[in-house]
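One file, work.csv, carrying CSV, C-alpha atoms:
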```
chain,number,residue,atom,x,y,z
A,1,ALA,CA,-49.0,-35.1,-169.5
A,2,VAL,CA,-51.7,-36.5,-167.2
A,3,THR,CA,-53.4,-33.1,-166.8
A,4,ARG,CA,-53.3,-32.4,-170.5
A,5,SER,CA,-54.8,-35.8,-171.4
A,6,ALA,CA,-57.5,-35.5,-168.7
A,7,THR,CA,-58.4,-32.0,-170.0
A,8,ALA,CA,-60.0,-33.6,-173.1
A,9,VAL,CA,-62.3,-35.7,-170.8
A,10,VAL,CA,-63.2,-32.7,-168.6
A,11,LEU,CA,-64.1,-30.6,-171.7
A,12,ARG,CA,-66.5,-33.3,-172.9
A,13,ASP,CA,-68.2,-33.3,-169.6
A,14,THR,CA,-68.3,-29.6,-169.0
A,15,VAL,CA,-68.7,-27.9,-172.4
A,16,PRO,CA,-72.0,-28.1,-174.4
A,17,PRO,CA,-71.6,-30.3,-177.5
A,18,GLN,CA,-72.2,-27.4,-179.9
A,19,ARG,CA,-69.1,-25.6,-178.4
A,20,LEU,CA,-66.8,-28.6,-178.1
A,21,HIS,CA,-64.9,-28.0,-181.3
A,22,ARG,CA,-64.3,-24.4,-180.2
A,23,ALA,CA,-63.2,-25.5,-176.7
A,24,ASN,CA,-60.7,-28.1,-178.0
A,25,THR,CA,-59.3,-25.6,-180.6
A,26,VAL,CA,-58.8,-23.0,-177.9
A,27,ALA,CA,-57.1,-25.5,-175.7
A,28,GLU,CA,-54.6,-26.3,-178.5
A,29,ILE,CA,-54.0,-22.6,-179.1
A,30,GLY,CA,-53.4,-22.2,-175.4
A,31,LYS,CA,-50.9,-25.0,-175.4
A,32,LEU,CA,-49.0,-23.4,-178.3
A,33,THR,CA,-49.1,-20.0,-176.7
A,34,GLY,CA,-47.8,-21.3,-173.3
A,35,LEU,CA,-45.0,-23.2,-174.9
A,36,SER,CA,-43.9,-20.3,-177.0
A,37,VAL,CA,-44.2,-17.6,-174.3
A,38,GLY,CA,-42.5,-19.9,-171.7
A,39,ALA,CA,-39.6,-20.5,-174.1
A,40,ALA,CA,-39.2,-16.8,-174.8
A,41,LEU,CA,-39.2,-16.0,-171.1
A,42,ALA,CA,-36.7,-18.7,-170.2
A,43,GLY,CA,-33.6,-16.8,-171.2
A,44,PRO,CA,-34.3,-13.5,-169.4
A,45,ALA,CA,-35.7,-15.3,-166.3
A,46,GLY,CA,-32.7,-17.6,-166.1
A,47,ALA,CA,-30.4,-14.6,-166.2
A,48,VAL,CA,-32.2,-12.9,-163.3
A,49,LEU,CA,-33.5,-15.7,-161.1
A,50,SER,CA,-31.6,-18.5,-159.4
A,51,LEU,CA,-32.7,-22.1,-159.7
A,52,ARG,CA,-34.7,-21.7,-156.5
A,53,GLY,CA,-36.4,-18.6,-157.9
A,54,LEU,CA,-37.4,-20.5,-161.1
A,55,LEU,CA,-38.8,-23.3,-159.0
A,56,ALA,CA,-40.8,-20.8,-157.0
A,57,VAL,CA,-42.2,-19.3,-160.2
A,58,ASN,CA,-43.2,-22.8,-161.2
A,59,ALA,CA,-44.9,-23.4,-157.9
A,60,ALA,CA,-46.8,-20.1,-158.2
A,61,MET,CA,-48.1,-21.1,-161.7
A,62,LEU,CA,-49.2,-24.4,-160.3
A,63,VAL,CA,-51.2,-22.6,-157.5
A,64,LEU,CA,-52.8,-20.3,-160.1
A,65,SER,CA,-53.7,-23.3,-162.2
A,66,THR,CA,-55.3,-25.0,-159.2
A,67,LEU,CA,-57.4,-21.9,-158.4
A,68,LEU,CA,-58.6,-21.8,-162.0
A,69,ALA,CA,-59.5,-25.5,-161.9
A,70,TRP,CA,-61.4,-24.9,-158.7
A,71,ALA,CA,-63.5,-22.3,-160.4
A,72,LEU,CA,-64.6,-24.7,-163.2
A,73,PRO,CA,-68.3,-25.6,-163.1
A,74,ALA,CA,-69.2,-29.1,-162.0
A,75,SER,CA,-69.9,-31.7,-164.7
A,76,SER,CA,-73.5,-31.7,-165.8
A,77,LYS,CA,-73.2,-35.2,-167.3
A,78,ARG,CA,-73.2,-37.5,-164.3
A,79,ALA,CA,-75.2,-40.1,-166.2
A,80,SER,CA,-72.6,-40.3,-169.0
A,81,ALA,CA,-69.8,-40.5,-166.4
A,82,GLN,CA,-71.6,-43.4,-164.8
A,83,GLY,CA,-71.9,-45.0,-168.2
A,84,ARG,CA,-68.2,-44.7,-168.8
A,85,ASP,CA,-67.6,-46.4,-165.4
A,86,ASP,CA,-69.9,-49.3,-166.2
A,87,ALA,CA,-68.4,-49.7,-169.7
A,88,GLY,CA,-64.9,-49.6,-168.2
A,89,ALA,CA,-65.8,-52.3,-165.6
A,90,GLN,CA,-67.1,-54.5,-168.4
A,91,ALA,CA,-64.2,-54.0,-170.8
A,92,GLY,CA,-61.4,-54.1,-168.2
A,93,THR,CA,-58.6,-51.6,-167.7
A,94,ARG,CA,-56.8,-52.2,-170.9
A,95,PRO,CA,-57.1,-49.2,-173.2
A,96,ARG,CA,-58.8,-50.1,-176.5
A,97,VAL,CA,-60.7,-48.5,-179.4
A,98,ASP,CA,-63.1,-50.8,-181.2
A,99,ASP,CA,-65.0,-48.4,-183.4
A,100,PRO,CA,-63.6,-48.8,-187.0
A,101,LEU,CA,-64.5,-45.2,-188.0
A,102,LEU,CA,-62.7,-43.9,-184.9
A,103,ARG,CA,-59.6,-46.0,-185.7
A,104,ARG,CA,-59.5,-44.6,-189.2
A,105,LEU,CA,-59.8,-41.0,-187.9
A,106,PHE,CA,-57.1,-41.8,-185.4
A,107,ALA,CA,-54.7,-43.2,-188.0
A,108,ARG,CA,-55.1,-39.9,-190.0
A,109,PHE,CA,-54.5,-38.0,-186.7
A,110,LEU,CA,-51.2,-39.9,-186.3
A,111,LEU,CA,-50.1,-38.6,-189.7
A,112,VAL,CA,-49.5,-35.3,-187.9
A,113,SER,CA,-46.7,-37.0,-185.9
A,114,PHE,CA,-45.1,-38.0,-189.2
A,115,TRP,CA,-45.3,-34.5,-190.5
A,116,GLN,CA,-44.0,-33.1,-187.3
A,117,GLY,CA,-41.0,-35.4,-187.4
A,118,PHE,CA,-40.2,-34.2,-191.0
A,119,HIS,CA,-40.7,-30.5,-189.9
A,120,THR,CA,-38.2,-31.0,-187.0
A,121,VAL,CA,-35.6,-32.1,-189.5
A,122,ALA,CA,-36.6,-29.8,-192.3
A,123,VAL,CA,-36.4,-26.6,-190.3
A,124,THR,CA,-32.6,-27.0,-190.4
A,125,VAL,CA,-32.1,-29.1,-193.5
A,126,VAL,CA,-34.2,-27.0,-196.0
A,127,PRO,CA,-32.5,-23.6,-195.3
A,128,VAL,CA,-29.0,-25.2,-195.3
A,129,GLN,CA,-29.2,-27.9,-198.0
A,130,VAL,CA,-32.0,-26.6,-200.3
A,131,LEU,CA,-31.3,-22.8,-200.0
A,132,GLY,CA,-27.6,-23.0,-199.3
A,133,GLY,CA,-27.9,-20.6,-196.3
A,134,GLY,CA,-26.3,-20.5,-192.9
A,135,THR,CA,-27.3,-20.1,-189.3
A,136,ARG,CA,-29.0,-16.8,-189.9
A,137,LEU,CA,-31.3,-18.3,-192.5
A,138,VAL,CA,-32.1,-21.2,-190.1
A,139,GLY,CA,-33.1,-18.6,-187.5
A,140,VAL,CA,-35.4,-16.9,-190.1
A,141,PHE,CA,-36.9,-20.3,-191.0
A,142,VAL,CA,-37.6,-21.1,-187.4
A,143,ALA,CA,-39.3,-17.7,-186.8
A,144,VAL,CA,-41.4,-18.0,-189.9
A,145,SER,CA,-42.4,-21.6,-188.9
A,146,SER,CA,-43.5,-20.5,-185.5
A,147,VAL,CA,-45.7,-17.7,-186.9
A,148,ALA,CA,-47.2,-20.1,-189.5
A,149,LEU,CA,-48.1,-22.6,-186.8
A,150,PHE,CA,-49.8,-19.9,-184.8
A,151,ALA,CA,-51.7,-18.7,-187.9
A,152,GLY,CA,-52.8,-22.2,-188.6
A,153,SER,CA,-54.2,-22.7,-185.1
A,154,LEU,CA,-56.1,-19.4,-185.3
A,155,ALA,CA,-57.4,-20.1,-188.8
A,156,ALA,CA,-58.6,-23.6,-187.7
A,157,LEU,CA,-61.5,-22.2,-185.8
A,158,PRO,CA,-63.2,-20.3,-188.7
A,159,ALA,CA,-62.3,-23.1,-191.1
A,160,GLN,CA,-64.2,-25.6,-188.9
A,161,ARG,CA,-67.2,-23.3,-189.0
A,162,HIS,CA,-67.3,-22.6,-192.7
A,163,LEU,CA,-65.7,-25.7,-194.2
A,164,ALA,CA,-67.4,-28.4,-192.1
A,165,ARG,CA,-68.5,-30.3,-195.2
A,166,VAL,CA,-65.0,-30.6,-196.7
A,167,PRO,CA,-64.2,-34.3,-196.8
A,168,SER,CA,-61.9,-35.5,-194.0
A,169,ALA,CA,-59.4,-36.8,-196.5
A,170,ALA,CA,-58.9,-33.3,-197.9
A,171,TRP,CA,-57.3,-32.1,-194.7
A,172,ALA,CA,-54.6,-34.7,-195.0
A,173,VAL,CA,-53.8,-34.1,-198.6
A,174,LEU,CA,-54.0,-30.3,-198.8
A,175,PRO,CA,-50.6,-29.7,-197.0
A,176,MET,CA,-48.7,-31.8,-199.5
A,177,PRO,CA,-48.6,-29.6,-202.7
A,178,PRO,CA,-47.1,-26.5,-200.9
A,179,LEU,CA,-44.6,-28.7,-199.2
A,180,LEU,CA,-43.4,-30.3,-202.4
A,181,ALA,CA,-43.4,-26.9,-204.2
A,182,ALA,CA,-41.4,-25.3,-201.4
A,183,VAL,CA,-38.6,-27.9,-201.8
A,184,LEU,CA,-38.8,-28.0,-205.6
A,185,VAL,CA,-38.6,-24.2,-206.2
A,186,GLY,CA,-35.4,-23.7,-204.2
A,187,ARG,CA,-35.6,-19.9,-203.9
A,188,THR,CA,-35.4,-18.3,-200.5
A,189,VAL,CA,-38.6,-16.1,-200.5
A,190,ALA,CA,-40.7,-18.5,-202.5
A,191,THR,CA,-39.6,-21.5,-200.3
A,192,LEU,CA,-40.3,-19.6,-197.1
A,193,VAL,CA,-43.8,-18.6,-198.3
A,194,LEU,CA,-44.7,-22.0,-199.6
A,195,TYR,CA,-43.3,-23.8,-196.5
A,196,ALA,CA,-45.2,-21.4,-194.3
A,197,LEU,CA,-48.4,-22.3,-196.2
A,198,PHE,CA,-47.6,-26.0,-195.6
A,199,LEU,CA,-47.3,-25.3,-191.9
A,200,VAL,CA,-50.6,-23.3,-191.8
A,201,LEU,CA,-52.4,-26.3,-193.4
A,202,PHE,CA,-50.5,-28.7,-191.2
A,203,GLU,CA,-51.8,-27.0,-188.1
A,204,MET,CA,-55.3,-26.8,-189.4
A,205,ALA,CA,-55.3,-30.5,-190.2
A,206,TYR,CA,-54.0,-31.3,-186.7
A,207,VAL,CA,-56.8,-29.3,-185.1
A,208,HIS,CA,-59.4,-30.8,-187.5
A,209,TYR,CA,-58.4,-34.4,-186.7
A,210,ASN,CA,-57.8,-33.8,-183.0
A,211,ASN,CA,-61.3,-32.3,-182.7
A,212,ARG,CA,-63.0,-35.0,-184.7
A,213,VAL,CA,-61.3,-37.8,-182.8
A,214,LEU,CA,-62.3,-36.3,-179.5
A,215,ALA,CA,-65.9,-35.6,-180.6
A,216,THR,CA,-66.4,-38.9,-182.3
A,217,ALA,CA,-65.3,-41.1,-179.4
A,218,SER,CA,-68.0,-42.5,-177.3
A,219,ASP,CA,-68.0,-41.8,-173.6
A,220,ALA,CA,-66.7,-45.4,-173.0
A,221,GLU,CA,-63.9,-45.0,-175.5
A,222,LEU,CA,-62.8,-41.5,-174.6
A,223,PRO,CA,-60.4,-42.4,-171.8
A,224,SER,CA,-58.6,-44.8,-174.2
A,225,VAL,CA,-58.5,-42.2,-176.9
A,226,VAL,CA,-56.9,-39.6,-174.8
A,227,THR,CA,-54.4,-42.2,-173.5
A,228,PHE,CA,-53.4,-43.2,-177.0
A,229,ARG,CA,-53.3,-39.6,-178.1
A,230,ALA,CA,-50.9,-38.7,-175.3
A,231,THR,CA,-48.6,-41.6,-175.9
A,232,LEU,CA,-48.6,-42.5,-179.6
A,233,LEU,CA,-48.3,-38.9,-180.9
A,234,PRO,CA,-45.0,-38.1,-179.2
A,235,ALA,CA,-43.7,-41.6,-179.9
A,236,GLY,CA,-44.6,-41.2,-183.6
A,237,VAL,CA,-42.8,-37.8,-183.7
A,238,ALA,CA,-39.7,-39.4,-182.2
A,239,VAL,CA,-39.6,-42.3,-184.7
A,240,SER,CA,-40.4,-39.9,-187.6
A,241,VAL,CA,-37.5,-37.6,-186.6
A,242,LEU,CA,-35.1,-40.6,-186.7
A,243,VAL,CA,-36.4,-41.9,-190.0
A,244,MET,CA,-36.7,-38.5,-191.7
A,245,GLY,CA,-33.2,-37.5,-190.5
A,246,ALA,CA,-31.7,-40.7,-191.9
A,247,LEU,CA,-33.5,-40.3,-195.2
A,248,CYS,CA,-32.3,-36.7,-195.6
A,249,ASP,CA,-28.8,-37.9,-195.1
A,250,LEU,CA,-29.1,-40.7,-197.6
A,251,VAL,CA,-31.3,-39.4,-200.4
A,252,GLY,CA,-31.6,-35.6,-199.7
A,253,PRO,CA,-34.5,-33.4,-198.6
A,254,LEU,CA,-36.3,-33.4,-202.0
A,255,SER,CA,-36.7,-37.2,-202.0
A,256,THR,CA,-37.6,-37.2,-198.3
A,257,ALA,CA,-40.4,-34.7,-199.0
A,258,PHE,CA,-41.8,-37.0,-201.7
A,259,VAL,CA,-41.7,-39.9,-199.2
A,260,VAL,CA,-43.8,-37.8,-196.9
A,261,ALA,CA,-46.3,-37.1,-199.7
A,262,VAL,CA,-46.5,-40.7,-200.7
A,263,VAL,CA,-47.0,-42.0,-197.1
A,264,THR,CA,-49.7,-39.4,-196.6
A,265,ALA,CA,-51.5,-40.5,-199.8
A,266,LEU,CA,-51.2,-44.2,-198.9
A,267,VAL,CA,-52.5,-43.7,-195.3
A,268,THR,CA,-55.3,-41.4,-196.5
A,269,ALA,CA,-56.4,-44.0,-199.1
A,270,ALA,CA,-56.1,-46.9,-196.7
A,271,THR,CA,-58.3,-45.1,-194.1
A,272,GLY,CA,-60.9,-44.0,-196.6
A,273,THR,CA,-64.6,-44.6,-195.8
A,274,THR,CA,-65.7,-48.1,-196.7
A,275,ARG,CA,-69.0,-49.8,-196.6
A,276,GLN,CA,-67.9,-51.6,-193.4
A,277,ALA,CA,-67.2,-48.2,-191.8
A,278,GLN,CA,-70.6,-46.9,-192.9
A,279,LYS,CA,-72.3,-50.0,-191.3
A,280,ALA,CA,-70.3,-49.4,-188.2
A,281,ARG,CA,-71.7,-45.9,-188.0
A,282,GLY,CA,-75.2,-47.3,-187.8
A,283,ARG,CA,-74.2,-49.6,-184.9
A,284,ARG,CA,-72.7,-46.9,-182.7
A,285,PRO,CA,-74.6,-47.0,-179.4
A,286,THR,CA,-73.3,-43.7,-178.0
A,287,ARG,CA,-72.1,-40.4,-179.3
A,288,ALA,CA,-71.8,-36.9,-178.0
A,289,ALA,CA,-75.2,-35.3,-178.4
A,290,GLY,CA,-75.5,-32.7,-181.1
A,291,VAL,CA,-72.7,-34.1,-183.4
A,292,ASP,CA,-72.8,-36.5,-186.3
A,293,GLU,CA,-70.5,-39.5,-187.0
A,294,HIS,CA,-67.7,-37.1,-188.0
A,295,GLY,CA,-68.0,-35.1,-184.8
A,296,VAL,CA,-69.6,-32.2,-186.7
A,297,ARG,CA,-72.6,-30.3,-185.4
A,298,PRO,CA,-75.5,-30.5,-187.9
```
Here is a file; write its structure as structure tokens.
Amino acid sequence: AVTRSATAVVLRDTVPPQRLHRANTVAEIGKLTGLSVGAALAGPAGAVLSLRGLLAVNAAMLVLSTLLAWALPASSKRASAQGRDDAGAQAGTRPRVDDPLLRRLFARFLLVSFWQGFHTVAVTVVPVQVLGGGTRLVGVFVAVSSVALFAGSLAALPAQRHLARVPSAAWAVLPMPPLLAAVLVGRTVATLVLYALFLVLFEMAYVHYNNRVLATASDAELPSVVTFRATLLPAGVAVSVLVMGALCDLVGPLSTAFVVAVVTALVTAATGTTRQAQKARGRRPTRAAGVDEHGVRP
């Protein structure tokens, strides 16, 4: 967790600003790939290797990661690093984010944890309660979901390049219609297709907000941002799983999906750009070179 959070800071200091979105997106794709490949290899490896053997493989991967890290170029932004140190000394050690625009973007980013909690519950509830299937259909649903998330992470890169002018709010709202349609239609093939579309847009929104938050944060705020990102996102998923599971038991998956859509609409509306946020943009003292207030390269 420490390494993954620090990676966002290292990327800002190592990668040119015009390639930052691409680097952050590839980092997320790498995370998804590693988790999926590791999970797929766990069964065969556990059948062949002892516990000591598995730990030895883990140690070998750590050595390989260390060698790759050693090969990274040194940071070319010594001045910005010094600025972060000075700002940190003035602000103290308590993580905080003062920029109103960054807070709004971060609130939308946390919507992803709410969707993830619903997906964790829905991947079992929808095939069983909505489609009336069994364990085989659940397995199909899980497989389709995994492919859809990968497709969304891969599609996020060209989407960022060609749809940079799409309003930020649209990325939060777009996943909701296919989600509601998937639960409403209640037919196996149609529900699978619509739910897969929801997950593709889900992952694209995650990458979009993740990249904008990391690019919009000033050098002084970046350590706090990655700290909140690493702690609040999994905490939000855990709380969402509990709440969404209870709602599915009490009112059913259809009503729960509508709750997700309503919460998404409320959060998106509450974090909309206001005159105060626009004034705050003009007061921002530091920002990554080559990007605008949304973290988009002109």
key: Contact residues around Leu254 (chain A) with all atoms listed in the file at 9 Å, ignoring same-chain residues under 5 positions, as a list in words   = Val130, Leu180, Val183, Leu184, Cys248 and Val259 of chain A
Interface rows for region 129-166 of chain A against region 193-214 of chain A: nearest pair, Å to one decimal, 7 Å, only C-alpha atoms, as CSV:
```
residue,atom,partner,partner_atom,distance
A:Val144,CA,A:Ala196,CA,6.7
A:Ser145,CA,A:Ala196,CA,6.1
A:Ala148,CA,A:Val200,CA,5.2
A:Leu149,CA,A:Val200,CA,5.6
A:Ala151,CA,A:Val200,CA,6.1
A:Gly152,CA,A:Val200,CA,4.0
A:Ser153,CA,A:Glu203,CA,5.8
A:Ala156,CA,A:Met204,CA,4.9
```
query = Between A:Ala155, A:Leu41, A:Leu242, A:Ala172, which one has atoms that come closest to Thr271 (chain A), using all atoms listed in the file?
reply = A:Ala172
Residue nearest Val112 (chain A) among A:Ala220, A:Val173, A:Ala42, A:Leu35 (counting all atoms listed in the file) = A:Val173
task = For each of A:Thr216, A:Ser65, A:Ser255, A:Gln129, take the minimum atom-to-atom distance to Gly186 (chain A), counting only C-alpha atoms, then give the residue where this is smallest.
result = A:Gln129
request  = For each of A:Leu105, A:Ala40, A:Val142, A:Ala230, take the minimum atom-to-atom distance to Thr7 (chain A), counting only C-alpha atoms, then give the residue where this is smallest.
outcome  = A:Ala230
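The residue that comes closest to Ser146 (chain A), out of A:Thr66, A:Thr120, A:Ser218, A:Ser240 and on the basis of all atoms listed in the file, is A:Thr120.
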Hey, what's within 12 Å of Val243 (chain A) if we count all atoms listed in the file and toss same-chain stuff fewer than 6 positions away? As an mmCIF file with C-alpha atoms, in the frame of the given file, please?
```
data_model
loop_
_atom_site.group_PDB
_atom_site.id
_atom_site.type_symbol
_atom_site.label_atom_id
_atom_site.label_comp_id
_atom_site.auth_asym_id
_atom_site.auth_seq_id
_atom_site.Cartn_x
_atom_site.Cartn_y
_atom_site.Cartn_z
ATOM 1 C CA PHE A 114 -45.100 -38.000 -189.200
ATOM 2 C CA TRP A 115 -45.300 -34.500 -190.500
ATOM 3 C CA GLN A 116 -44.000 -33.100 -187.300
ATOM 4 C CA GLY A 117 -41.000 -35.400 -187.400
ATOM 5 C CA PHE A 118 -40.200 -34.200 -191.000
ATOM 6 C CA THR A 120 -38.200 -31.000 -187.000
ATOM 7 C CA VAL A 121 -35.600 -32.100 -189.500
ATOM 8 C CA GLY A 236 -44.600 -41.200 -183.600
ATOM 9 C CA VAL A 237 -42.800 -37.800 -183.700
ATOM 10 C CA ASP A 249 -28.800 -37.900 -195.100
ATOM 11 C CA LEU A 250 -29.100 -40.700 -197.600
ATOM 12 C CA VAL A 251 -31.300 -39.400 -200.400
ATOM 13 C CA THR A 256 -37.600 -37.200 -198.300
ATOM 14 C CA VAL A 259 -41.700 -39.900 -199.200
ATOM 15 C CA VAL A 260 -43.800 -37.800 -196.900
#
```
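What separates CA of Gln18 (chain A) from CA of Leu222 (chain A) is a distance of 17.8 Å.
Proximity of A:Ala257, A:Val128, A:Val262, A:Ala269 to Ser168 (chain A), computed with all atoms listed in the file, is greatest for A:Ala269.
All residues of protein, DNA or RNA that reach within 12 Å of region 67-69 of chain A, judged by only C-alpha atoms and not counting those fewer than 3 positions away in the chain, are A:Thr3, A:Thr7, A:Val10, A:Leu11, A:Ala60, A:Met61, A:Leu62, A:Val63, A:Leu64, A:Leu72, A:Pro73, A:Ala74.
CA of Gly139 (chain A) is positioned 12.7 Å from CA of Ala122 (chain A).
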ask   = So how many Å separate CA of Trp70 (chain A) and CA of Val9 (chain A), to one decimal?
value = 16.2 Å
inquiry  = as a VMD selection string, please: the residues near Gly30 (chain A) (cut-off 12 Å, all atoms listed in the file, same-chain neighbours under 6 positions excluded).
reply    = chain A and resid 4 23 to 24 36 to 38 150 153 to 154
Mind writing the picked residues with C-alpha atoms as a short mmCIF file (atom, residue, chain, number, x, y, z; two decimals), in the coordinates of the input?
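Printed below is result_15.cif as written:
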```cif
data_model
loop_
_atom_site.label_atom_id
_atom_site.label_comp_id
_atom_site.auth_asym_id
_atom_site.auth_seq_id
_atom_site.Cartn_x
_atom_site.Cartn_y
_atom_site.Cartn_z
CA ARG A 4 -53.30 -32.40 -170.50
CA ALA A 23 -63.20 -25.50 -176.70
CA ASN A 24 -60.70 -28.10 -178.00
CA SER A 36 -43.90 -20.30 -177.00
CA VAL A 37 -44.20 -17.60 -174.30
CA GLY A 38 -42.50 -19.90 -171.70
CA PHE A 150 -49.80 -19.90 -184.80
CA SER A 153 -54.20 -22.70 -185.10
CA LEU A 154 -56.10 -19.40 -185.30
#
```
Taking N, CA and C atoms as the atom set, what does region 102-118 of chain A look like once completed, written as a compact mmCIF listing (two decimals), keeping the file's coordinate frame?
```txt
# COMPACT_ATOMS: atom_id res chain seq x y z
N LEU A 102 -63.58 -44.63 -185.81
CA LEU A 102 -62.70 -43.90 -184.90
C LEU A 102 -61.23 -44.32 -185.15
N ARG A 103 -61.01 -45.59 -185.45
CA ARG A 103 -59.60 -46.00 -185.70
C ARG A 103 -59.11 -45.36 -187.00
N ARG A 104 -59.96 -45.21 -188.01
CA ARG A 104 -59.50 -44.60 -189.20
C ARG A 104 -59.20 -43.08 -189.00
N LEU A 105 -60.04 -42.41 -188.24
CA LEU A 105 -59.80 -41.00 -187.90
C LEU A 105 -58.46 -40.90 -187.09
N PHE A 106 -58.26 -41.84 -186.19
CA PHE A 106 -57.10 -41.80 -185.40
C PHE A 106 -55.80 -42.03 -186.18
N ALA A 107 -55.89 -42.91 -187.17
CA ALA A 107 -54.70 -43.20 -188.00
C ALA A 107 -54.36 -41.89 -188.81
N ARG A 108 -55.36 -41.15 -189.27
CA ARG A 108 -55.10 -39.90 -190.00
C ARG A 108 -54.52 -38.86 -188.98
N PHE A 109 -55.01 -38.88 -187.75
CA PHE A 109 -54.50 -38.00 -186.70
C PHE A 109 -53.00 -38.25 -186.49
N LEU A 110 -52.62 -39.52 -186.52
CA LEU A 110 -51.20 -39.90 -186.30
C LEU A 110 -50.32 -39.46 -187.46
N LEU A 111 -50.92 -39.19 -188.63
CA LEU A 111 -50.10 -38.60 -189.70
C LEU A 111 -49.44 -37.34 -189.31
N VAL A 112 -50.08 -36.60 -188.40
CA VAL A 112 -49.50 -35.30 -187.90
C VAL A 112 -48.15 -35.58 -187.28
N SER A 113 -48.01 -36.68 -186.55
CA SER A 113 -46.70 -37.00 -185.90
C SER A 113 -45.65 -37.22 -186.98
N PHE A 114 -46.05 -37.82 -188.09
CA PHE A 114 -45.10 -38.00 -189.20
C PHE A 114 -44.68 -36.72 -189.81
N TRP A 115 -45.65 -35.81 -190.02
CA TRP A 115 -45.30 -34.50 -190.50
C TRP A 115 -44.45 -33.71 -189.56
N GLN A 116 -44.76 -33.83 -188.26
CA GLN A 116 -44.00 -33.10 -187.30
C GLN A 116 -42.55 -33.56 -187.22
N GLY A 117 -42.34 -34.87 -187.38
CA GLY A 117 -41.00 -35.40 -187.40
C GLY A 117 -40.22 -34.83 -188.62
N PHE A 118 -40.89 -34.77 -189.77
CA PHE A 118 -40.20 -34.20 -191.00
C PHE A 118 -39.93 -32.71 -190.72
```
